[in-house]
Each structure stands twice: as C-alpha cells, then as structure tokens.
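Trainee: My file is start09.cif. It has mmCIF, C-alpha atoms and all ligand atoms:
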```
data_my_file
#
loop_
_atom_site.label_atom_id
_atom_site.label_comp_id
_atom_site.auth_asym_id
_atom_site.auth_seq_id
_atom_site.Cartn_x
_atom_site.Cartn_y
_atom_site.Cartn_z
CA MET O 128 0.00 0.00 0.00
CA THR O 129 1.31 3.43 -0.87
CA TYR O 130 0.82 6.38 1.43
CA PRO O 131 -1.36 9.18 0.02
CA PRO O 132 0.77 12.01 -1.35
CA VAL O 133 0.85 15.25 0.65
CA VAL O 134 0.69 18.68 -0.98
CA THR O 135 0.91 21.97 0.87
CA THR O 136 -0.17 24.65 -1.61
CA VAL O 137 -3.53 25.43 -3.23
CA ALA O 138 -1.84 25.40 -6.66
CA GLU O 139 -0.53 21.83 -6.11
CA LEU O 140 -3.92 20.74 -4.78
CA ARG O 141 -5.73 22.02 -7.87
CA HIS O 142 -3.13 20.48 -10.15
CA MET O 143 -3.48 17.07 -8.50
CA LEU O 144 -7.29 17.13 -8.56
CA MET O 145 -7.52 18.15 -12.24
CA PRO O 146 -7.36 14.69 -13.87
CA TRP O 147 -9.83 13.32 -11.30
CA ARG O 148 -12.55 15.87 -11.96
CA LYS O 149 -14.22 13.84 -14.72
CA ASP O 150 -15.15 11.14 -12.15
CA GLY O 151 -15.90 13.64 -9.39
CA VAL O 152 -13.82 14.66 -6.39
CA ALA O 153 -14.65 14.58 -2.67
CA LEU O 154 -13.09 16.53 0.19
CA VAL O 155 -12.91 15.68 3.90
CA PRO O 156 -11.80 18.74 5.90
CA THR O 157 -10.10 17.83 9.21
CA MET O 158 -7.69 19.19 11.78
CA GLY O 159 -5.75 15.91 11.86
CA ALA O 160 -5.12 13.61 14.85
CA LEU O 161 -7.33 11.29 12.88
CA HIS O 162 -9.52 8.64 14.52
CA ASP O 163 -12.17 6.23 13.23
CA GLY O 164 -14.74 9.05 13.07
CA HIS O 165 -12.63 10.88 10.50
CA LEU O 166 -12.06 7.63 8.59
CA SER O 167 -15.84 7.08 8.38
CA LEU O 168 -16.06 10.44 6.57
CA VAL O 169 -13.53 9.20 4.01
CA GLU O 170 -15.52 5.96 3.65
CA ALA O 171 -18.75 7.92 3.05
CA CYS O 172 -16.98 9.83 0.25
CA LYS O 173 -15.53 6.63 -1.24
CA LYS O 174 -19.13 5.53 -1.91
CA LYS O 175 -19.42 8.54 -4.24
CA THR O 176 -16.01 8.60 -5.95
CA PRO O 177 -12.59 6.93 -5.78
CA HIS O 178 -10.96 10.38 -5.54
CA VAL O 179 -11.08 11.55 -1.93
CA ALA O 180 -8.83 14.38 -0.75
CA VAL O 181 -8.40 14.95 2.99
CA SER O 182 -7.32 18.32 4.28
CA ILE O 183 -5.38 18.52 7.53
CA PHE O 184 -5.14 22.03 8.91
CA VAL O 185 -5.33 23.16 12.52
CA ASN O 186 -7.09 26.42 11.79
CA PRO O 187 -5.76 29.20 14.05
CA THR O 188 -8.73 31.53 13.44
CA GLN O 189 -11.24 29.23 15.12
CA PHE O 190 -9.32 29.10 18.40
CA ALA O 191 -9.62 31.82 21.04
CA PRO O 192 -6.33 32.95 22.65
CA HIS O 193 -7.01 30.91 25.82
CA GLU O 194 -7.87 27.73 23.87
CA ASP O 195 -5.72 24.73 22.91
CA PHE O 196 -4.31 25.78 19.50
CA ASN O 197 -0.68 25.19 20.53
CA SER O 198 -1.31 21.90 22.32
CA TYR O 199 -3.78 20.50 19.74
CA PRO O 200 -2.45 17.03 18.75
CA ARG O 201 -0.51 16.98 15.46
CA ASP O 202 0.99 13.85 13.84
CA LEU O 203 1.00 13.96 10.05
CA GLU O 204 2.82 10.63 9.57
CA ALA O 205 0.35 8.75 11.79
CA ASP O 206 -2.52 10.44 9.94
CA ARG O 207 -1.05 9.40 6.58
CA ALA O 208 -0.83 5.78 7.72
CA ARG O 209 -4.44 5.83 8.92
CA LEU O 210 -5.65 7.38 5.67
CA THR O 211 -3.85 4.69 3.66
CA SER O 212 -6.10 2.07 5.28
CA VAL O 213 -9.26 3.69 3.89
CA GLY O 214 -7.84 4.53 0.47
CA ALA O 215 -7.69 8.32 0.67
CA SER O 216 -6.23 9.69 -2.57
CA MET O 217 -4.23 12.63 -1.26
CA ILE O 218 -3.67 14.96 1.68
CA PHE O 219 -3.76 18.74 1.56
CA ALA O 220 -1.76 20.01 4.54
CA PRO O 221 -1.26 23.74 4.03
CA THR O 222 0.75 26.04 6.25
CA ALA O 223 -1.02 28.89 8.07
CA LYS O 224 0.69 31.30 5.66
CA GLU O 225 -0.74 29.47 2.64
CA MET O 226 -4.27 29.77 4.05
CA TYR O 227 -3.82 33.26 5.52
CA PRO O 228 -1.39 35.22 3.33
CA ASP O 229 0.17 38.37 4.79
CA GLY O 230 -2.44 41.10 5.06
CA PHE O 231 -5.35 38.62 5.13
CA ALA O 232 -8.53 40.69 5.55
CA THR O 233 -11.54 38.57 4.57
CA THR O 234 -13.79 36.83 7.10
CA LEU O 235 -17.23 35.29 6.74
CA LEU O 236 -19.68 36.46 9.39
CA MET O 237 -22.13 33.67 10.16
CA LYS O 238 -25.60 34.14 11.62
CA GLY O 239 -28.58 31.74 11.36
CA PRO O 240 -27.51 28.33 12.69
CA ALA O 241 -24.32 29.87 14.10
CA ALA O 242 -26.33 31.84 16.68
CA GLY O 243 -26.25 30.57 20.27
CA LEU O 244 -24.91 27.39 21.95
CA GLU O 245 -21.27 27.13 20.75
CA THR O 246 -21.20 30.85 19.94
CA ASP O 247 -22.28 31.71 23.52
CA PHE O 248 -18.99 30.20 24.72
CA ARG O 249 -16.77 30.63 21.64
CA PRO O 250 -18.00 33.87 20.02
CA HIS O 251 -15.76 33.86 16.92
CA PHE O 252 -15.66 30.11 16.43
CA PHE O 253 -18.07 29.74 13.51
CA ASP O 254 -16.74 32.80 11.66
CA GLY O 255 -13.32 31.10 11.78
CA VAL O 256 -14.75 27.72 10.77
CA ALA O 257 -16.88 29.18 7.97
CA THR O 258 -13.99 31.20 6.56
CA VAL O 259 -11.60 28.25 6.47
CA VAL O 260 -14.24 25.83 5.15
CA ALA O 261 -15.19 28.28 2.40
CA LYS O 262 -11.50 28.66 1.52
CA LEU O 263 -11.01 24.87 1.43
CA LEU O 264 -14.12 24.37 -0.70
CA ILE O 265 -13.06 27.10 -3.11
CA ALA O 266 -9.52 25.69 -3.27
CA ALA O 267 -10.63 22.11 -3.96
CA MET O 268 -14.02 22.75 -5.62
CA PRO O 269 -15.15 19.24 -4.64
CA ASP O 270 -18.38 17.66 -5.86
CA TRP O 271 -18.93 16.26 -2.35
CA ALA O 272 -17.62 17.30 1.05
CA ALA O 273 -18.22 15.21 4.19
CA PHE O 274 -18.86 16.65 7.65
CA GLY O 275 -19.59 14.76 10.86
CA GLU O 276 -22.80 15.03 12.85
CA LYS O 277 -20.47 15.05 15.88
CA ASP O 278 -20.23 18.80 15.27
CA TYR O 279 -23.93 19.20 14.51
CA GLN O 280 -24.11 23.00 14.73
CA GLN O 281 -21.02 23.20 12.50
CA LEU O 282 -22.67 20.86 9.97
CA LEU O 283 -25.69 23.21 9.73
CA VAL O 284 -23.38 26.24 9.45
CA VAL O 285 -21.50 24.57 6.58
CA LYS O 286 -24.74 23.62 4.79
CA ARG O 287 -25.91 27.22 5.18
CA LEU O 288 -22.70 28.73 3.81
CA ALA O 289 -22.63 26.34 0.84
CA LEU O 290 -26.20 27.37 0.01
CA ASP O 291 -25.64 31.08 0.59
CA LEU O 292 -22.46 31.20 -1.51
CA ALA O 293 -23.97 28.86 -4.16
CA LEU O 294 -20.95 26.58 -3.92
CA PRO O 295 -21.36 23.64 -6.34
CA VAL O 296 -20.89 21.00 -3.65
CA GLU O 297 -23.10 18.41 -1.98
CA ILE O 298 -22.54 18.34 1.77
CA LEU O 299 -22.58 14.74 3.05
CA PRO O 300 -23.53 14.42 6.75
CA VAL O 301 -21.94 11.43 8.51
CA ALA O 302 -23.24 9.78 11.72
CA ILE O 303 -21.24 10.08 14.95
CA ALA O 304 -18.60 7.36 15.49
CA ARG O 305 -18.51 6.34 19.16
CA GLU O 306 -16.30 4.36 21.51
CA ALA O 307 -17.64 1.15 23.11
CA ASP O 308 -19.14 3.10 26.05
CA GLY O 309 -20.82 5.58 23.71
CA LEU O 310 -18.31 8.43 24.07
CA ALA O 311 -18.22 10.34 20.77
CA MET O 312 -14.76 9.95 19.23
CA SER O 313 -12.77 13.18 19.28
CA SER O 314 -9.14 14.18 18.86
CA ARG O 315 -9.53 16.00 22.19
CA ASN O 316 -10.34 12.74 24.04
CA ALA O 317 -6.55 12.24 24.08
CA TYR O 318 -6.38 14.99 26.74
CA LEU O 319 -8.44 12.95 29.23
CA THR O 320 -6.75 11.26 32.21
CA PRO O 321 -7.98 7.68 32.86
CA ALA O 322 -10.27 8.96 35.63
CA GLU O 323 -11.66 11.72 33.38
CA ARG O 324 -12.14 9.21 30.57
CA GLN O 325 -14.48 7.23 32.85
CA ILE O 326 -16.56 10.34 33.51
CA ALA O 327 -16.55 11.32 29.82
CA GLY O 328 -18.37 8.11 28.91
CA LYS O 329 -21.33 9.23 30.99
CA LEU O 330 -22.16 12.23 28.80
CA ASN O 331 -23.98 10.19 26.16
CA ARG O 332 -25.77 8.13 28.80
CA VAL O 333 -27.13 11.17 30.59
CA MET O 334 -28.24 12.56 27.22
CA LYS O 335 -30.13 9.34 26.51
CA ASP O 336 -31.80 9.66 29.94
CA VAL O 337 -32.81 13.24 29.10
CA ILE O 338 -34.38 12.07 25.83
CA ALA O 339 -36.23 9.29 27.71
CA LEU O 340 -37.55 11.89 30.17
CA LEU O 341 -38.81 14.05 27.30
CA GLU O 342 -40.46 11.04 25.69
CA ARG O 343 -42.21 10.31 28.98
CA GLY O 344 -43.69 13.81 28.92
CA ALA O 345 -41.26 15.84 31.05
CA SER O 346 -41.06 19.53 30.13
CA ILE O 347 -37.94 20.70 28.31
CA ALA O 348 -36.91 22.86 31.29
CA GLU O 349 -37.39 19.98 33.72
CA ALA O 350 -35.39 17.54 31.55
CA GLN O 351 -32.61 20.12 31.12
CA THR O 352 -32.33 20.74 34.86
CA LEU O 353 -32.30 17.03 35.69
CA GLY O 354 -29.73 16.37 32.95
CA THR O 355 -27.40 19.15 34.09
CA THR O 356 -27.61 17.94 37.69
CA ALA O 357 -26.89 14.36 36.56
CA LEU O 358 -23.81 15.48 34.57
CA LYS O 359 -22.39 17.31 37.57
CA ALA O 360 -23.14 14.31 39.81
CA ALA O 361 -21.32 12.11 37.26
CA GLY O 362 -18.19 14.22 37.72
CA PHE O 363 -18.33 16.95 35.07
CA ASP O 364 -16.94 20.25 36.38
CA SER O 365 -19.39 22.41 34.43
CA VAL O 366 -22.02 22.22 31.72
CA ASP O 367 -21.83 24.92 29.03
CA TYR O 368 -25.21 23.90 27.61
CA LEU O 369 -27.70 21.08 27.38
CA ALA O 370 -30.28 22.30 24.90
CA LEU O 371 -32.88 21.28 22.38
CA ARG O 372 -32.82 22.79 18.90
CA ASP O 373 -34.80 22.21 15.71
CA ALA O 374 -32.89 19.55 13.75
CA ALA O 375 -33.12 21.43 10.45
CA ASP O 376 -33.07 25.19 11.07
CA PHE O 377 -31.53 25.12 14.57
CA THR O 378 -34.10 27.44 16.14
CA PRO O 379 -34.62 26.87 19.88
CA VAL O 380 -37.32 24.28 20.54
CA THR O 381 -40.02 25.14 23.06
CA GLN O 382 -42.33 22.18 22.41
CA THR O 383 -41.45 18.56 21.70
CA GLY O 384 -42.90 17.07 18.51
CA ALA O 385 -40.96 18.15 15.40
CA PRO O 386 -37.56 16.48 14.69
CA ALA O 387 -35.17 18.01 17.20
CA ARG O 388 -31.59 17.58 18.35
CA LEU O 389 -30.40 17.46 21.93
CA LEU O 390 -26.95 19.11 22.12
CA ALA O 391 -24.52 19.27 25.00
CA ALA O 392 -21.14 20.73 25.87
CA ALA O 393 -19.55 19.93 29.21
CA ARG O 394 -16.13 20.30 30.77
CA ILE O 395 -13.93 17.92 32.75
CA GLY O 396 -10.61 19.38 33.88
CA LYS O 397 -9.12 21.17 30.88
CA THR O 398 -11.14 19.21 28.33
CA ARG O 399 -14.38 20.38 26.76
CA LEU O 400 -16.57 17.65 25.29
CA ILE O 401 -19.52 18.04 22.94
CA ASP O 402 -22.17 15.55 21.84
CA ASN O 403 -25.62 15.52 20.29
CA MET O 404 -28.45 13.11 19.58
CA ALA O 405 -31.65 13.01 17.53
CA VAL O 406 -34.85 13.46 19.53
P1 LIG D 501 -12.01 17.85 13.37
O1 LIG D 501 -10.74 17.25 12.91
O2 LIG D 501 -12.34 17.56 14.79
O3 LIG D 501 -12.17 19.28 12.97
O4 LIG D 501 -13.16 17.08 12.57
C1 LIG D 501 -13.13 16.97 11.18
C2 LIG D 501 -14.43 16.37 10.71
O5 LIG D 501 -14.60 15.09 11.30
C3 LIG D 501 -15.66 17.21 11.10
O6 LIG D 501 -16.59 17.18 10.05
C4 LIG D 501 -16.17 16.47 12.30
O7 LIG D 501 -17.55 16.63 12.53
C5 LIG D 501 -15.86 15.04 11.92
N1 LIG D 501 -15.81 14.20 13.11
C6 LIG D 501 -15.03 14.37 14.21
N2 LIG D 501 -15.30 13.43 15.13
C7 LIG D 501 -16.26 12.64 14.61
C8 LIG D 501 -16.99 11.50 15.08
N3 LIG D 501 -16.77 10.97 16.28
N4 LIG D 501 -17.91 10.96 14.26
C9 LIG D 501 -18.16 11.49 13.05
N5 LIG D 501 -17.53 12.56 12.55
C10 LIG D 501 -16.60 13.13 13.32
#
```
If you took the structure in this file and wrote it as structure tokens, what would it be?
Ligand code: AMP
Mentor:
Amino acid sequence: MTYPPVVTTVAELRHMLMPWRKDGVALVPTMGALHDGHLSLVEACKKKTPHVAVSIFVNPTQFAPHEDFNSYPRDLEADRARLTSVGASMIFAPTAKEMYPDGFATTLLMKGPAAGLETDFRPHFFDGVATVVAKLLIAAMPDWAAFGEKDYQQLLVVKRLALDLALPVEILPVAIAREADGLAMSSRNAYLTPAERQIAGKLNRVMKDVIALLERGASIAEAQTLGTTALKAAGFDSVDYLALRDAADFTPVTQTGAPARLLAAARIGKTRLIDNMAV
C-alpha cells in the first residue's frame, strides 16, 4: 500500500485534482489527529467517488487565545498511515501562511444556525470555521464534502454557507462514530486522564436519559435541569449547555414534537466535550 501524497499549496492541490474531476472529487476537511470518526467520513466519500482528498489544517482563526491551539495534537505521519487504510487519494496540509497570506482581511460572518450554543462560549468560532471551510471548498471545488454530525451545529453552518455562496458541492452528513461506552470519538479525548475518561463516557448516557424523560412527557426545562444535575453528579466540572434545537433550522425548541436535536457541551478538567443526539 502506498501512502497518500501530501501537498501543501492550493496550486498543487488544484493540479493534482484536475485529472480526477471527470469522475468527481470529494473533500474531507479535518484538523488531523485522525480517529475512526474521520475515517468514516472518508468511507462515506468513497461511496461517491474513488478520488477523496483529505485536508489537515489546525485552523488558528477558530481558536480563542485561551484555547488549545498550541497543544492541539498533530501527527502527520500517523494520519497518513491511517488514511492509507481507507484509500484516501491525497492529503492537503497547508501552512497557516498558505491559508492566511500576509495582510489577510476577509472573514465570513455567520448568523442563522451559528447563533447561540457554541457561539455563547466561543463567540468567533463559527466565523473562523466558515472562513476556512469556504477557503477549502473554493480551493478544492469538490463535488462532495463530508462533515460529521459530531459537530452538529457546524454541519448546519457549513450547509448554510454552501447554500448562501452557491458553492457547487453536496454536503454529506456522517453519523457520529462512538467508543464502546458511547463516548463520541474526538481528537480531544486524548487529553483525558484515565479517571476523566471514565466520567466522559457518561455524557452520552445522561443525554439518553434526558431524551427518555422528554419522551415520557417531562417539560424541556425539567429535563434540562435534571440532565445538568446528573452530569455534575457524574463528575463533570461544568455544563456549558444542554439544549434542544430544531434539527433542520436550529431554532430553539419550546415544544417537543418536530424532529429536534439534543446538544450538550460539558467540561472535565481542561477538556471540553460536545455531543448531540436526535430526539
Ligand atoms: P475535526 O478534525 O475535529 O475538525 O473534525 C473533522 C471532521 O470530522 C468534522 O466534520 C467532524 O464533525 C468530523 N468528526 C469528528 N469526530 C467525529 C466523530 N466521532 N464521528 C463522526 N464525525 C466526526
């Protein structure tokens, strides 16, 4: 098996994709430290086309100064080996300077699905994500791009920006890959100590309990309060949010009935975990 080639400039990326365009090209944007969740995105794209490019770029503009940009796990050779196993065609691993040339002055300002939840705690996060995703989509011009439901709000933001900018790409949503105890796979799980890892596995279980409460007729406020209390009792230090949103347009849900999504963000030690589930 040969490792997928790595290119670092937009010009090389476009050159490499050119002969593949007639069959269609797919892109999987990532920040690296790849796990099985990322690989499932590549597999989803492989069902559409043999030509799947994976971008690996830890995007500085979506991190706040106090966040983990410097310590975010980076291991390009390990990522290459993992991508070989699922048949990725190439890797685009640009430098920050390639993505943000000197004097960079263009930022997308996201509203709609970007409002609330993540933005309440990370105000510039989705503007950073949207700007880099738009740049990656314009650089690669893929026919398909895969995004995980793990980052559900992000998935809706990306769908919105593709529609608003009329980008000729189909966004493929991919289900959340989980560990045996239900913990959503994440590059940040590597930060957890063994004791924290035990606690982390309880996030998805409490969320399932909250959904069961709602199905038994509990009010949204009641289920939220019980869920937040249960997370703290399970060992989480704080809960950023545990909230119900419309699954399609992400407006806050006040009544159960229409397809909704339960979303949570909670912190243990220095790690912030997110998860979501269909209701
Ligand atoms: P990241 O490298 O964390 O920025 O994630 C890159 C892509 O992989 C995003 O579309 C994520 O939603 C997706 N992803 C990350 N973790 C998972 C997971 N556990 N299951 C499915 N997709 C995931």
Trainee: Taking only C-alpha atoms and all ligand atoms into account, which residues are within 6 Å of ligand LIG 501 (chain D), as JSON, numbers by chain?
Mentor: {"O": [156, 157, 158, 159, 164, 165, 274, 275, 276, 277, 278, 301, 302, 303, 304, 305, 311, 312, 313]}
Trainee: May I have the selected residues written with C-alpha atoms, as a PDB file, keeping the file's coordinate frame?
Mentor:
```
ATOM      1  CA  PRO O 156     -11.800  18.740   5.900  1.00  0.00           C
ATOM      2  CA  THR O 157     -10.100  17.830   9.210  1.00  0.00           C
ATOM      3  CA  MET O 158      -7.690  19.190  11.780  1.00  0.00           C
ATOM      4  CA  GLY O 159      -5.750  15.910  11.860  1.00  0.00           C
ATOM      5  CA  GLY O 164     -14.740   9.050  13.070  1.00  0.00           C
ATOM      6  CA  HIS O 165     -12.630  10.880  10.500  1.00  0.00           C
ATOM      7  CA  PHE O 274     -18.860  16.650   7.650  1.00  0.00           C
ATOM      8  CA  GLY O 275     -19.590  14.760  10.860  1.00  0.00           C
ATOM      9  CA  GLU O 276     -22.800  15.030  12.850  1.00  0.00           C
ATOM     10  CA  LYS O 277     -20.470  15.050  15.880  1.00  0.00           C
ATOM     11  CA  ASP O 278     -20.230  18.800  15.270  1.00  0.00           C
ATOM     12  CA  VAL O 301     -21.940  11.430   8.510  1.00  0.00           C
ATOM     13  CA  ALA O 302     -23.240   9.780  11.720  1.00  0.00           C
ATOM     14  CA  ILE O 303     -21.240  10.080  14.950  1.00  0.00           C
ATOM     15  CA  ALA O 304     -18.600   7.360  15.490  1.00  0.00           C
ATOM     16  CA  ARG O 305     -18.510   6.340  19.160  1.00  0.00           C
ATOM     17  CA  ALA O 311     -18.220  10.340  20.770  1.00  0.00           C
ATOM     18  CA  MET O 312     -14.760   9.950  19.230  1.00  0.00           C
ATOM     19  CA  SER O 313     -12.770  13.180  19.280  1.00  0.00           C
TER      20      SER O 313
END
```
Trainee: Determine, counting all atoms listed in the file, which protein, DNA and RNA residues have an atom within 12 Å of an atom of Arg201 of chain O; residues of the same chain fewer than 4 positions away are not included. Present the result as a list in words.
Mentor: Thr157, Met158, Gly159, Ala160, Leu161, Ile183, Phe184, Val185, Asp195, Phe196, Asn197, Ala205, Asp206, Arg207, Ala220, Ser314, Arg315 and Ala317 of chain O
Trainee: Between atom CA of Ile338 of chain O and atom CA of Ala392 of chain O, what is the distance in Å, rounded to a tenth?
Mentor: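 So the two atoms, atom CA of Ile338 of chain O and atom CA of Ala392 of chain O, lie 15.8 Å apart.
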Trainee: Expressed in Å to a single decimal, how great is the separation between atom CA of Ala153 of chain O and atom CA of Arg249 of chain O?
Mentor: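 So the two atoms, atom CA of Ala153 of chain O and atom CA of Arg249 of chain O, lie 29.2 Å apart.
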Trainee: Calculate how many Å separate atom CA of Arg324 of chain O from atom CA of Phe253 of chain O, rounding to one decimal.
Mentor: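 We find that atom CA of Arg324 of chain O and atom CA of Phe253 of chain O lie 27.3 Å from each other.
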Trainee: Please determine, counting only C-alpha atoms, which residue among O:Ala327, O:Ala370, O:Ala348, O:Val260 has the shortest atom-to-atom distance to Ile395 of chain O.
Mentor: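 The shortest atom-to-atom distance to Ile395 of chain O comes from O:Ala327.
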Trainee: List the neighbours of Thr211 of chain O out to 9 Å using all atoms listed in the file; skip same-chain residues closer than 6 positions along the sequence, and give me the result as a list in words.
Mentor: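 The filter keeps Met128, Thr129, Tyr130 and Pro131 of chain O.
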Trainee: The residues within 10 Å of (-6.7, 19.9, -8.1), using only C-alpha atoms and the coordinates of the file, should be reported as a list in words; which are they?
Mentor: Val137, Ala138, Glu139, Leu140, Arg141, His142, Met143, Leu144, Met145, Pro146, Trp147, Arg148, Val152, Ala180, Ala266, Ala267, Met268 and Pro269 of chain O
Trainee: Under the rule that only C-alpha atoms are counted, which of O:Val285, O:Leu264, O:Ala322, O:Ala387 is the nearest residue to Leu341 of chain O?
Mentor: O:Ala387
Trainee: Considering only C-alpha atoms, state which residue in the set O:Gly344, O:Pro200, O:Pro240, O:Gly214 is at the smallest distance from Ala374 of chain O.
Mentor: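 Looking at the shortest contact to Ala374 of chain O, the residue is O:Pro240.
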Trainee: Would you please work out which residue, of O:Leu235, O:Leu353, O:Ile265, O:Leu400, is nearest to Asn316 of chain O when using all atoms listed in the file?
Mentor: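 The closest residue to Asn316 of chain O is O:Leu400.
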